[in-house]
>>> print(open('my_file39.txt').read())   # compact mmCIF, C-alpha atoms (C1' of nucleotides)
# COMPACT_ATOMS: atom_id res chain seq x y z
CA MET A 212 0.00 0.00 0.00
CA ARG A 213 1.76 2.98 -1.12
CA LYS A 214 0.77 6.17 0.03
CA ASP A 215 -0.24 8.32 -2.77
CA SER A 216 2.66 10.51 -3.16
CA THR A 217 1.08 13.73 -4.10
CA SER A 218 -0.14 15.05 -0.85
CA ASN A 219 1.53 18.32 -0.19
CA ASN A 220 4.64 18.80 -2.15
CA GLY A 221 4.96 18.10 -5.74
CA SER A 222 8.61 18.79 -5.51
CA SER A 223 10.61 15.72 -6.02
CA ARG A 224 8.06 13.12 -5.69
CA PRO A 225 7.69 11.43 -9.00
CA GLU A 226 4.33 9.88 -8.96
CA SER A 227 5.87 6.87 -10.48
CA THR A 228 6.57 5.40 -7.15
CA PRO A 229 8.75 2.39 -7.34
CA LYS A 230 6.66 -0.49 -8.39
CA GLN A 231 4.70 -2.32 -5.84
CA LEU A 232 7.30 -2.85 -3.28
CA ARG A 233 5.94 -4.84 -0.47
CA SER A 234 5.03 -2.79 2.51
CA PHE A 235 7.60 -2.41 5.12
CA GLU A 236 5.55 -4.36 7.56
CA ARG A 237 5.44 -7.33 5.29
CA SER A 238 9.17 -7.48 5.09
CA LEU A 239 10.24 -10.78 6.51
CA PRO A 240 13.58 -9.54 7.82
CA MET A 241 11.88 -6.72 9.65
CA ALA A 242 9.27 -9.03 11.06
CA LEU A 243 11.93 -11.37 12.32
CA LEU A 244 13.91 -8.51 13.75
CA ARG A 245 10.96 -7.09 15.57
CA ALA A 246 9.88 -10.43 16.92
CA ARG A 247 13.33 -11.21 18.13
CA GLU A 248 13.61 -7.88 19.79
CA ALA A 249 10.29 -8.36 21.51
CA VAL A 250 11.50 -11.66 22.87
CA MET A 251 14.89 -10.45 23.91
CA ARG A 252 13.44 -7.53 25.74
CA GLU A 253 12.02 -10.05 28.16
CA PHE A 254 15.37 -11.65 28.82
CA ARG A 255 17.71 -8.75 28.76
CA ALA A 256 17.07 -7.41 32.21
CA ALA A 257 18.06 -10.67 33.88
CA LEU A 258 21.19 -10.97 31.81
CA ARG A 259 22.20 -7.45 32.53
CA ARG A 260 21.67 -7.93 36.20
CA HIS A 261 24.31 -10.60 36.09
CA GLY A 262 26.68 -8.67 33.92
CA LEU A 263 26.28 -10.90 30.93
CA THR A 264 25.84 -9.80 27.40
CA GLU A 265 23.62 -11.78 25.16
CA GLN A 266 26.60 -13.26 23.38
CA GLN A 267 28.33 -14.26 26.55
CA TRP A 268 25.16 -15.96 27.61
CA ARG A 269 24.97 -17.81 24.33
CA VAL A 270 28.46 -19.11 24.86
CA LEU A 271 27.76 -20.32 28.35
CA ARG A 272 24.53 -21.86 27.23
CA ALA A 273 26.20 -23.70 24.41
CA LEU A 274 28.91 -25.00 26.69
CA THR A 275 26.38 -26.29 29.13
CA ALA A 276 25.20 -28.76 26.56
CA ARG A 277 28.58 -30.30 25.91
CA ASP A 278 31.50 -31.21 28.04
CA GLU A 279 34.11 -29.52 25.98
CA MET A 280 33.98 -27.80 22.68
CA GLU A 281 36.45 -26.55 20.17
CA ILE A 282 36.42 -22.88 19.50
CA LEU A 283 35.33 -22.90 15.91
CA ALA A 284 32.59 -25.36 16.70
CA LEU A 285 31.50 -23.03 19.44
CA ALA A 286 31.54 -20.12 17.02
CA ASP A 287 29.24 -22.09 14.80
CA VAL A 288 26.62 -22.94 17.32
CA THR A 289 26.63 -19.56 18.99
CA PHE A 290 26.56 -17.77 15.68
CA LEU A 291 29.51 -15.64 16.58
CA LEU A 292 32.47 -14.82 14.42
CA PRO A 293 35.81 -16.16 15.61
CA PRO A 294 37.28 -12.77 16.50
CA SER A 295 34.27 -11.86 18.57
CA LEU A 296 34.31 -15.22 20.22
CA SER A 297 37.97 -14.84 20.91
CA ARG A 298 37.38 -11.70 22.91
CA ILE A 299 34.38 -13.14 24.64
CA LEU A 300 36.32 -16.22 25.69
CA ARG A 301 39.15 -14.13 27.01
CA ASP A 302 36.70 -12.19 29.07
CA LEU A 303 34.81 -15.20 30.35
CA GLU A 304 38.05 -16.91 31.19
CA GLU A 305 39.21 -13.94 33.21
CA ARG A 306 35.96 -14.07 35.08
CA LYS A 307 36.53 -17.77 35.65
CA LEU A 308 33.28 -18.68 34.03
CA ILE A 309 34.91 -20.95 31.50
CA ARG A 310 38.11 -22.89 31.15
CA ARG A 311 40.28 -23.56 28.22
CA ARG A 312 42.89 -26.17 27.53
CA VAL A 313 45.05 -26.81 24.54
CA ILE A 314 44.69 -30.13 22.85
CA PRO A 315 47.99 -31.93 23.32
CA GLU A 316 47.79 -33.70 19.98
CA ASP A 317 47.27 -30.46 18.12
CA LEU A 318 48.60 -27.38 19.78
CA ARG A 319 46.66 -25.08 17.50
CA ARG A 320 43.37 -26.19 18.85
CA ALA A 321 41.83 -25.64 22.20
CA LEU A 322 38.92 -27.07 24.07
CA VAL A 323 36.69 -24.85 26.07
CA SER A 324 34.51 -25.96 28.91
CA ILE A 325 32.31 -24.30 31.41
CA ALA A 326 33.79 -23.71 34.85
CA PRO A 327 32.04 -24.14 38.19
CA ARG A 328 31.33 -20.46 38.45
CA GLY A 329 29.90 -20.59 34.98
CA ILE A 330 27.63 -23.42 35.96
CA ALA A 331 26.50 -21.48 38.96
CA MET A 332 25.80 -18.51 36.74
CA ILE A 333 23.87 -20.64 34.31
CA GLU A 334 21.79 -22.03 37.08
CA THR A 335 20.95 -18.67 38.51
CA VAL A 336 20.22 -16.90 35.30
CA GLY A 337 18.86 -20.02 33.70
CA SER A 338 16.14 -20.48 36.21
CA GLN A 339 15.00 -16.92 35.75
CA SER A 340 15.29 -17.39 32.08
CA GLU A 341 13.12 -20.46 32.15
CA LYS A 342 10.57 -18.55 34.10
CA THR A 343 10.58 -15.88 31.48
CA TYR A 344 10.22 -18.58 28.91
CA SER A 345 7.20 -19.99 30.65
CA GLU A 346 5.73 -16.57 30.81
CA ILE A 347 6.25 -16.10 27.11
CA THR A 348 4.78 -19.48 26.42
CA ARG A 349 1.80 -18.69 28.55
CA ARG A 350 1.21 -15.39 26.88
CA PHE A 351 1.79 -16.55 23.36
CA GLY A 352 0.45 -20.05 23.64
CA ALA A 353 2.37 -23.31 23.70
CA ASP A 354 0.89 -24.55 20.48
CA ARG A 355 1.65 -21.36 18.61
CA LEU A 356 5.15 -21.37 20.00
CA ARG A 357 5.69 -24.87 18.75
CA ALA A 358 4.30 -23.97 15.38
CA LEU A 359 6.56 -20.96 15.20
CA HIS A 360 9.62 -22.99 16.02
CA GLU A 361 8.73 -25.42 13.35
CA LEU A 362 8.22 -22.76 10.74
CA LEU A 363 11.46 -21.07 11.61
CA ALA A 364 13.42 -24.26 11.37
CA SER A 365 11.72 -25.08 8.14
CA LEU A 366 12.45 -21.67 6.71
CA GLU A 367 16.06 -21.95 7.64
CA HIS A 368 16.20 -25.35 6.07
CA SER A 369 14.48 -24.25 2.88
CA LEU A 370 16.94 -21.47 2.38
CA SER A 371 20.03 -23.38 3.26
CA GLU A 372 19.56 -25.64 0.31
CA PRO A 373 21.47 -24.62 -2.75
CA LYS A 374 19.58 -22.49 -5.14
CA PRO A 375 18.49 -24.28 -8.28
CA ALA A 376 20.44 -22.16 -10.69
CA ALA A 377 23.90 -20.88 -10.09
CA SER A 378 25.51 -22.42 -7.14
CA PRO A 379 29.16 -21.82 -7.78
CA LYS A 380 30.58 -22.59 -4.42
CA LYS A 381 29.83 -24.48 -1.41
CA ARG A 382 30.64 -21.92 1.19
CA ALA A 383 31.23 -23.81 4.34
CA LEU A 384 29.63 -23.28 7.65
CA HIS A 385 30.29 -19.77 8.42
CA ALA A 386 30.48 -18.01 5.23
CA ARG A 387 32.36 -14.83 4.98
CA THR A 388 29.33 -12.78 4.98
CA ARG A 389 27.83 -14.16 8.02
CA ALA A 390 25.81 -12.36 10.46
CA PRO A 391 25.78 -10.21 13.37
CA ASP A 392 23.38 -9.11 15.85
CA LEU A 393 24.66 -7.21 18.72
CA ARG A 394 23.28 -6.27 21.94
CA GLN A 395 23.32 -4.60 25.24
CA ARG A 396 26.19 -3.29 27.15
CA SER A 397 27.62 -5.10 30.11
CA MET B 132 39.52 -23.09 3.76
CA ARG B 133 37.06 -25.62 4.67
CA LYS B 134 35.43 -25.43 7.84
CA ASP B 135 33.25 -28.27 8.64
CA SER B 136 33.69 -27.76 12.29
CA THR B 137 32.58 -30.93 13.85
CA SER B 138 33.19 -33.35 11.12
CA ASN B 139 36.44 -34.94 12.04
CA ASN B 140 36.07 -35.14 15.71
CA GLY B 141 33.20 -36.91 17.25
CA SER B 142 32.56 -34.30 19.86
CA SER B 143 29.31 -33.39 18.28
CA ARG B 144 26.45 -34.22 20.43
CA PRO B 145 26.56 -35.68 23.85
CA GLU B 146 23.08 -36.09 25.12
CA SER B 147 24.34 -35.39 28.55
CA THR B 148 22.77 -32.04 28.97
CA PRO B 149 23.65 -30.97 32.45
CA LYS B 150 20.61 -29.14 33.50
CA GLN B 151 17.04 -28.99 32.64
CA LEU B 152 17.77 -25.98 30.56
CA ARG B 153 16.09 -26.07 27.26
CA SER B 154 18.37 -27.13 24.49
CA PHE B 155 20.09 -24.44 22.61
CA GLU B 156 18.19 -25.27 19.49
CA ARG B 157 14.92 -24.69 21.20
CA SER B 158 15.90 -21.22 22.21
CA LEU B 159 13.52 -18.84 20.56
CA PRO B 160 15.97 -15.98 20.25
CA MET B 161 18.47 -18.24 18.55
CA ALA B 162 15.85 -19.64 16.24
CA LEU B 163 14.80 -16.14 15.26
CA LEU B 164 18.37 -15.07 14.80
CA ARG B 165 19.19 -18.02 12.59
CA ALA B 166 16.08 -17.63 10.53
CA ARG B 167 16.69 -13.98 10.01
CA GLU B 168 20.22 -14.62 9.02
CA ALA B 169 19.15 -17.26 6.54
CA VAL B 170 16.78 -14.77 4.98
CA MET B 171 19.17 -11.88 4.96
CA ARG B 172 21.83 -13.95 3.33
CA GLU B 173 19.60 -14.00 0.27
CA PHE B 174 19.31 -10.25 0.15
CA ARG B 175 22.70 -9.10 1.19
CA ALA B 176 24.50 -9.61 -2.07
CA ALA B 177 22.19 -7.30 -3.96
CA LEU B 178 22.41 -4.61 -1.32
CA ARG B 179 26.14 -4.80 -1.22
CA ARG B 180 26.35 -4.54 -4.95
CA HIS B 181 24.68 -1.19 -4.68
CA GLY B 182 26.70 -0.01 -1.76
CA LEU B 183 23.86 -0.06 0.67
CA THR B 184 23.94 -1.42 4.14
CA GLU B 185 20.91 -3.13 5.47
CA GLN B 186 20.09 -0.14 7.62
CA GLN B 187 20.39 2.31 4.79
CA TRP B 188 18.08 0.12 2.81
CA ARG B 189 15.59 0.07 5.63
CA VAL B 190 15.59 3.85 5.71
CA LEU B 191 15.03 4.18 2.00
CA ARG B 192 12.34 1.56 2.12
CA ALA B 193 10.55 3.30 4.91
CA LEU B 194 10.71 6.62 3.12
CA THR B 195 9.26 5.11 0.01
CA ALA B 196 6.06 4.49 1.83
CA ARG B 197 5.56 8.06 2.87
CA ASP B 198 6.17 11.44 1.44
CA GLU B 199 8.04 12.90 4.29
CA MET B 200 8.81 11.66 7.70
CA GLU B 201 10.16 13.10 10.86
CA ILE B 202 13.39 11.69 12.06
CA LEU B 203 12.26 10.14 15.27
CA ALA B 204 9.32 8.57 13.53
CA LEU B 205 11.70 7.18 11.00
CA ALA B 206 13.87 5.81 13.77
CA ASP B 207 10.88 4.01 15.09
CA VAL B 208 9.78 2.29 11.97
CA THR B 209 13.27 1.38 10.88
CA PHE B 210 14.19 0.16 14.31
CA LEU B 211 17.26 2.31 14.43
CA LEU B 212 18.47 4.41 17.30
CA PRO B 213 18.53 8.14 16.70
CA PRO B 214 22.31 8.48 16.69
CA SER B 215 22.67 5.70 14.17
CA LEU B 216 19.96 7.16 12.06
CA SER B 217 21.58 10.53 12.27
CA ARG B 218 24.75 9.21 10.71
CA ILE B 219 22.89 7.20 8.16
CA LEU B 220 20.89 10.23 7.11
CA ARG B 221 23.99 12.35 6.81
CA ASP B 222 25.48 9.71 4.59
CA LEU B 223 22.39 9.22 2.47
CA GLU B 224 22.01 12.94 2.11
CA GLU B 225 25.57 13.30 0.86
CA ARG B 226 24.85 10.61 -1.65
CA LYS B 227 21.75 12.52 -2.67
CA LEU B 228 19.53 9.59 -1.97
CA ILE B 229 17.40 11.49 0.46
CA ARG B 230 16.54 15.07 1.22
CA ARG B 231 15.93 16.85 4.43
CA ARG B 232 14.17 20.06 5.26
CA VAL B 233 13.58 21.83 8.50
CA ILE B 234 10.00 22.38 9.54
CA PRO B 235 9.46 26.14 9.57
CA GLU B 236 7.03 26.02 12.47
CA ASP B 237 9.44 24.13 14.64
CA LEU B 238 13.07 24.56 13.84
CA ARG B 239 14.07 21.61 15.93
CA ARG B 240 12.34 19.16 13.73
CA ALA B 241 13.13 18.07 10.25
CA LEU B 242 11.34 16.16 7.57
CA VAL B 243 13.13 13.65 5.48
CA SER B 244 12.08 12.45 2.09
CA ILE B 245 13.49 10.23 -0.54
CA ALA B 246 15.24 11.94 -3.43
CA PRO B 247 15.06 11.01 -7.10
CA ARG B 248 18.29 9.10 -6.92
CA GLY B 249 16.96 7.27 -3.92
CA ILE B 250 13.89 6.32 -5.83
CA ALA B 251 15.99 5.08 -8.67
CA MET B 252 18.00 3.05 -6.22
CA ILE B 253 14.90 1.62 -4.66
CA GLU B 254 13.60 0.63 -8.02
CA THR B 255 16.76 -1.10 -9.04
CA VAL B 256 17.44 -2.89 -5.84
CA GLY B 257 13.78 -3.31 -5.11
CA SER B 258 13.05 -5.27 -8.19
CA GLN B 259 15.89 -7.62 -7.46
CA SER B 260 14.74 -7.79 -3.93
CA GLU B 261 11.25 -8.72 -4.97
CA LYS B 262 12.66 -11.45 -7.11
CA THR B 263 14.54 -12.78 -4.17
CA TYR B 264 11.36 -12.58 -2.22
CA SER B 265 9.52 -14.60 -4.79
CA GLU B 266 12.26 -17.13 -4.73
CA ILE B 267 12.03 -17.41 -0.98
CA THR B 268 8.28 -17.71 -1.20
CA ARG B 269 8.59 -20.39 -3.78
CA ARG B 270 11.07 -22.35 -1.78
CA PHE B 271 9.39 -21.98 1.54
CA GLY B 272 5.81 -21.95 0.43
CA ALA B 273 3.40 -19.06 0.28
CA ASP B 274 1.08 -20.51 2.86
CA ARG B 275 3.84 -21.20 5.32
CA LEU B 276 5.21 -17.73 4.77
CA ARG B 277 1.86 -16.23 5.52
CA ALA B 278 1.51 -18.37 8.60
CA LEU B 279 4.95 -17.34 9.75
CA HIS B 280 4.18 -13.68 9.34
CA GLU B 281 1.07 -14.09 11.31
CA LEU B 282 2.78 -15.90 14.13
CA LEU B 283 5.53 -13.33 14.30
CA ALA B 284 3.13 -10.47 14.46
CA SER B 285 1.11 -12.28 17.05
CA LEU B 286 4.18 -13.00 19.13
CA GLU B 287 5.22 -9.42 19.00
CA HIS B 288 1.79 -8.37 20.00
CA SER B 289 1.56 -10.85 22.85
CA LEU B 290 4.76 -9.60 24.33
CA SER B 291 4.14 -5.96 23.85
CA GLU B 292 1.24 -6.05 26.21
CA PRO B 293 2.07 -5.13 29.73
CA LYS B 294 2.94 -8.01 31.94
CA PRO B 295 0.20 -8.88 34.43
CA ALA B 296 2.26 -8.08 37.48
CA ALA B 297 4.53 -5.12 37.76
CA SER B 298 4.15 -2.68 34.98
CA PRO B 299 5.68 0.42 36.46
CA LYS B 300 6.18 2.54 33.45
CA LYS B 301 4.89 3.13 30.09
CA ARG B 302 8.10 3.54 28.20
CA ALA B 303 7.29 5.59 25.21
CA LEU B 304 8.05 4.84 21.66
CA HIS B 305 11.59 3.81 21.68
CA ALA B 306 12.55 2.40 24.94
CA ARG B 307 16.00 2.90 26.24
CA THR B 308 17.04 -0.63 25.92
CA ARG B 309 16.04 -1.10 22.42
CA ALA B 310 17.65 -3.19 19.92
CA PRO B 311 20.34 -3.44 17.52
CA ASP B 312 21.29 -5.72 14.82
CA LEU B 313 24.10 -4.75 12.63
CA ARG B 314 25.30 -5.79 9.36
CA GLN B 315 27.58 -5.79 6.45
CA ARG B 316 30.10 -3.27 5.45
CA SER B 317 29.55 -0.85 2.66
C1' DG C 175 9.38 39.30 28.92
C1' DG C 176 12.59 36.33 31.51
C1' DC C 177 13.25 31.97 33.49
C1' DT C 178 13.04 26.99 33.75
C1' DT C 179 11.95 22.68 31.69
C1' DA C 180 11.07 19.68 27.77
C1' DT C 181 11.89 18.20 23.02
C1' DG C 182 14.31 16.97 18.57
C1' DC C 183 18.32 15.94 16.93
C1' DT C 184 23.48 15.66 16.75
C1' DT C 185 28.05 14.96 18.54
C1' DA C 186 31.44 12.53 21.51
C1' DA C 187 33.20 8.63 23.71
C1' DC C 188 33.09 4.08 24.14
C1' DA C 189 31.93 -1.01 23.27
C1' DT C 190 31.35 -4.36 19.96
C1' DG C 191 31.18 -6.60 15.56
C1' DT C 192 33.72 -7.22 11.08
C1' DT C 193 37.45 -7.91 7.90
C1' DA C 194 42.05 -8.70 6.89
C1' DA C 195 46.36 -9.79 8.37
C1' DA C 196 49.44 -12.15 11.55
C1' DC C 197 51.03 -16.24 14.01
C1' DA C 198 51.95 -20.68 15.32
C1' DA C 199 51.38 -25.38 14.57
C1' DA C 200 50.24 -29.22 11.66
C1' DA C 201 49.94 -31.57 7.24
C1' DG C 202 51.63 -32.46 2.48
C1' DC C 203 55.05 -32.89 -0.59
C1' DC C 204 60.01 -33.54 -2.57
C1' DG D 182 64.52 -33.29 6.89
C1' DG D 183 63.28 -28.77 4.57
C1' DC D 184 59.73 -26.42 2.16
C1' DT D 185 55.14 -24.91 1.09
C1' DT D 186 50.37 -25.02 2.16
C1' DT D 187 46.61 -25.48 5.21
C1' DT D 188 44.33 -24.94 9.67
C1' DG D 189 42.99 -22.90 14.34
C1' DT D 190 43.10 -18.88 16.71
C1' DT D 191 44.36 -14.20 17.88
C1' DT D 192 45.54 -9.38 16.94
C1' DA D 193 44.93 -4.94 14.47
C1' DA D 194 42.33 -1.60 12.13
C1' DC D 195 38.19 -0.07 11.04
C1' DA D 196 32.93 0.46 10.81
C1' DT D 197 28.95 0.54 13.37
C1' DG D 198 25.89 0.49 17.23
C1' DT D 199 25.13 2.38 21.98
C1' DT D 200 24.91 5.63 25.76
C1' DA D 201 25.40 9.97 27.59
C1' DA D 202 26.13 14.58 26.98
C1' DG D 203 25.46 18.76 24.23
C1' DC D 204 22.89 22.29 21.59
C1' DA D 205 19.39 24.74 19.82
C1' DT D 206 14.58 25.66 19.83
C1' DA D 207 10.11 25.44 21.75
C1' DA D 208 6.80 25.29 25.51
C1' DG D 209 5.33 26.31 30.25
C1' DC D 210 5.21 29.18 34.00
C1' DC D 211 5.65 33.67 36.93
>>> encode(input="my_file39.txt", output="structure tokens")
Amino acid sequence: MRKDSTSNNGSSRPESTPKQLRSFERSLPMALLRAREAVMREFRAALRRHGLTEQQWRVLRALTARDEMEILALADVTFLLPPSLSRILRDLEERKLIRRRVIPEDLRRALVSIAPRGIAMIETVGSQSEKTYSEITRRFGADRLRALHELLASLEHSLSEPKPAASPKKRALHARTRAPDLRQRS
Amino acid sequence: MRKDSTSNNGSSRPESTPKQLRSFERSLPMALLRAREAVMREFRAALRRHGLTEQQWRVLRALTARDEMEILALADVTFLLPPSLSRILRDLEERKLIRRRVIPEDLRRALVSIAPRGIAMIETVGSQSEKTYSEITRRFGADRLRALHELLASLEHSLSEPKPAASPKKRALHARTRAPDLRQRS
DNA sequence: GGCTTATGCTTAACATGTTAAACAAAAGCC
DNA sequence: GGCTTTTGTTTAACATGTTAAGCATAAGCC
């Protein structure tokens, strides 16, 4: 729905408004951004209270699921770029929330694991977080939430498949042009 | 430069999840982040080709829908913080993609509008963008896409309502702790 | 009118993400 | 064994987002 362009100024407003571009609201990226922001707003306060950024939390969360993880693997699951992760790990290590050890067989690689203080942190924040999650589920509806998860996963899957025409390279896991996000301050 | 993270080592997936924390994959913020990234990956190339960042594109898109817009209103719809928008507008103005005029009745405020070159840009990139959109729709399915949009809007709406208990303030339009995202380089 | 407060927007300072380069270790090759 | 290439990670330089302060104008009050 364009807005007819000739309301007050005829100045530079060529009536030939760009085709029928979909309305801003129907933009999928915007919708996803807004939804994500709405969700994160619920969680951010708790994280901030504990001096964790969203990314740091993602790292701790990811580590909770595995005993030890290599750094690049961690970068993959947390959706962080290696340089960012590098800084985050340094920080978390200083705060004794995680531990890191070099793999003896290959001195380039390192394994990261969550430290006791990190586990404690996860438990504290995690329980609040789960409460928030329940609240979200209650407000939004468990069935809708499930449906949403399914659609999101499906969307991701649909798009990850190579495009029919023109698929020159098989960019590995984190492609150069990956993604960001960003978040609060500690 | 491969990077198949967890291919060689078997450290993929221990089912020994320490706590009762929901698995990382079931985290709604992560799911939204991944989905958005999957979608944006499809659009980014075209934007980059035209030297537009995602945010700049959002601004132009938003301006296409209206004749003129005040800056703070623009910040709202584009989900950008005023300082970021301020820089973006300066840049877009230098590139003659937008125009800005002060409101005579209130010299503090300004109205921004898209300039002819901006419209041209929108048309070029927009048509490619719509093609990409069609492609996404085709791959994902129009019905599922519609369902997804609906769920996202509904989620956003569910969460925007004041929580039952404790709703101290009515933070106006853009709350302090808003959101970011971030993106490519120009 | 003169004073204080509020508003719209920008600038400044800082934190963080991004990209490219650097480094060290391992793997391949002769 | 040397040599080159590849791999895992970090550092450096830069772009961008974020927060707080600044500035100018407007509005409210006396």
>>> residues_near_point(input="my_file39.txt", point="(10.2, 29.7, 36.7)", cutoff="6 Å", atoms="only C-alpha atoms (C1' of nucleotides)", output="count of residues only")
3
>>> atom_distance(input="my_file39.txt", atom1="atom CA of B:Ser291", atom2="atom CA of A:Ser345")
15.9 Å
>>> interface_residues(input="my_file39.txt", of="chain C", to="chain B", cutoff="10 Å", atoms="all atoms listed in the file", output="NGL selection string")
:C and (181-185 or 191-193)
>>> write_last_selection(input="my_file39.txt", atoms="C-alpha atoms (C1' of nucleotides)", output="mmCIF file, in the coordinates of the input")
data_model
loop_
_atom_site.group_PDB
_atom_site.id
_atom_site.type_symbol
_atom_site.label_atom_id
_atom_site.label_comp_id
_atom_site.auth_asym_id
_atom_site.auth_seq_id
_atom_site.Cartn_x
_atom_site.Cartn_y
_atom_site.Cartn_z
ATOM 1 C "C1'" DT C 181 11.890 18.200 23.020
ATOM 2 C "C1'" DG C 182 14.310 16.970 18.570
ATOM 3 C "C1'" DC C 183 18.320 15.940 16.930
ATOM 4 C "C1'" DT C 184 23.480 15.660 16.750
ATOM 5 C "C1'" DT C 185 28.050 14.960 18.540
ATOM 6 C "C1'" DG C 191 31.180 -6.600 15.560
ATOM 7 C "C1'" DT C 192 33.720 -7.220 11.080
ATOM 8 C "C1'" DT C 193 37.450 -7.910 7.900
#
>>> closest_atom_pairs(input="my_file39.txt", of="chain D", to="chain A", cutoff="8 Å", atoms="all atoms listed in the file", output="JSON lines")
{"residue": "D:DG189", "atom": "C1'", "partner": "A:Arg319", "partner_atom": "CA", "distance": 5.3}
{"residue": "D:DT190", "atom": "C1'", "partner": "A:Arg319", "partner_atom": "CA", "distance": 7.2}
{"residue": "D:DT191", "atom": "C1'", "partner": "A:Ser297", "partner_atom": "CA", "distance": 7.1}
{"residue": "D:DG198", "atom": "C1'", "partner": "A:Leu393", "partner_atom": "CA", "distance": 7.9}
{"residue": "D:DT199", "atom": "C1'", "partner": "A:Arg396", "partner_atom": "CA", "distance": 7.7}
>>> residues_around(input="my_file39.txt", residues="A:Ala246", least_positions_apart="4", cutoff="9 Å", atoms="all atoms listed in the file", output="VMD selection string")
(chain A and resid 241 to 242 250 to 251) or (chain B and resid 160 163 283 to 288)
>>> write_last_selection(input="my_file39.txt", atoms="C-alpha atoms", output="PDB file, in the frame of the given file")
ATOM      1  CA  MET A 241      11.880  -6.720   9.650  1.00  0.00           C
ATOM      2  CA  ALA A 242       9.270  -9.030  11.060  1.00  0.00           C
ATOM      3  CA  VAL A 250      11.500 -11.660  22.870  1.00  0.00           C
ATOM      4  CA  MET A 251      14.890 -10.450  23.910  1.00  0.00           C
TER       5      MET A 251
ATOM      6  CA  PRO B 160      15.970 -15.980  20.250  1.00  0.00           C
ATOM      7  CA  LEU B 163      14.800 -16.140  15.260  1.00  0.00           C
ATOM      8  CA  LEU B 283       5.530 -13.330  14.300  1.00  0.00           C
ATOM      9  CA  ALA B 284       3.130 -10.470  14.460  1.00  0.00           C
ATOM     10  CA  SER B 285       1.110 -12.280  17.050  1.00  0.00           C
ATOM     11  CA  LEU B 286       4.180 -13.000  19.130  1.00  0.00           C
ATOM     12  CA  GLU B 287       5.220  -9.420  19.000  1.00  0.00           C
ATOM     13  CA  HIS B 288       1.790  -8.370  20.000  1.00  0.00           C
TER      14      HIS B 288
END
>>> residues_near_point(input="my_file39.txt", point="(20.2, 12.6, -3.2)", cutoff="8 Å", atoms="only C-alpha atoms (C1' of nucleotides)", output="PyMOL selection string")
chain B and resi 223-230+245-249
>>> closest_residue(input="my_file39.txt", among="A:Leu362, A:Leu292, A:Ile314, A:Val323", to="chain B", atoms="only C-alpha atoms")
A:Leu362
>>> atom_distance(input="my_file39.txt", atom1="atom C1' of D:DC184", atom2="atom C1' of C:DA201")
12.2 Å
>>> closest_residue(input="my_file39.txt", among="B:Met200, B:Pro235, B:Ala193, B:Asp207", to="A:Arg237", atoms="only C-alpha atoms")
B:Ala193
>>> closest_residue(input="my_file39.txt", among="B:Asp274, B:Asp198, B:Asp222, B:Glu156", to="B:Gln186", atoms="only C-alpha atoms")
B:Asp222
>>> closest_residue(input="my_file39.txt", among="A:Ile299, A:Arg260, A:Arg357, A:Thr275", to="chain B", atoms="only C-alpha atoms")
A:Thr275
>>> residues_around(input="my_file39.txt", residues="D:DT185", least_positions_apart="4", cutoff="12 Å", atoms="only C-alpha atoms (C1' of nucleotides)", output="PyMOL selection string")
chain C and resi 201-204
>>> write_last_selection(input="my_file39.txt", atoms="C-alpha atoms (C1' of nucleotides)", output="PDB file, in the coordinates of the input")
ATOM      1  C1'  DA C 201      49.940 -31.570   7.240  1.00  0.00           C
ATOM      2  C1'  DG C 202      51.630 -32.460   2.480  1.00  0.00           C
ATOM      3  C1'  DC C 203      55.050 -32.890  -0.590  1.00  0.00           C
ATOM      4  C1'  DC C 204      60.010 -33.540  -2.570  1.00  0.00           C
TER       5       DC C 204
END
>>> closest_residue(input="my_file39.txt", among="A:Ser324, A:Ser295, A:Ser369, A:Thr348", to="chain B", atoms="only C-alpha atoms")
A:Ser369
>>> closest_residue(input="my_file39.txt", among="B:Val233, B:Ala204, B:Ile253, B:Ala273", to="chain A", atoms="all atoms listed in the file")
B:Ile253
>>> atom_distance(input="my_file39.txt", atom1="atom CA of A:Arg272", atom2="atom CA of A:Leu370")
26.0 Å
>>> residues_around(input="my_file39.txt", residues="B:Val256", least_positions_apart="2", cutoff="8 Å", atoms="all atoms listed in the file", output="list in words")
Ala177, Leu178, His181, Met252, Ile253, Glu254, Ser258, Gln259 and Ser260 of chain B
>>> axis_aligned_box(input="my_file39.txt", around="stretch 190-207 of chain D", padding_each_side="8 Å", output="AutoDock Vina command-line options")
--center_x 27.8 --center_y 3.4 --center_z 19.2 --size_x 51.4 --size_y 60.5 --size_z 32.8
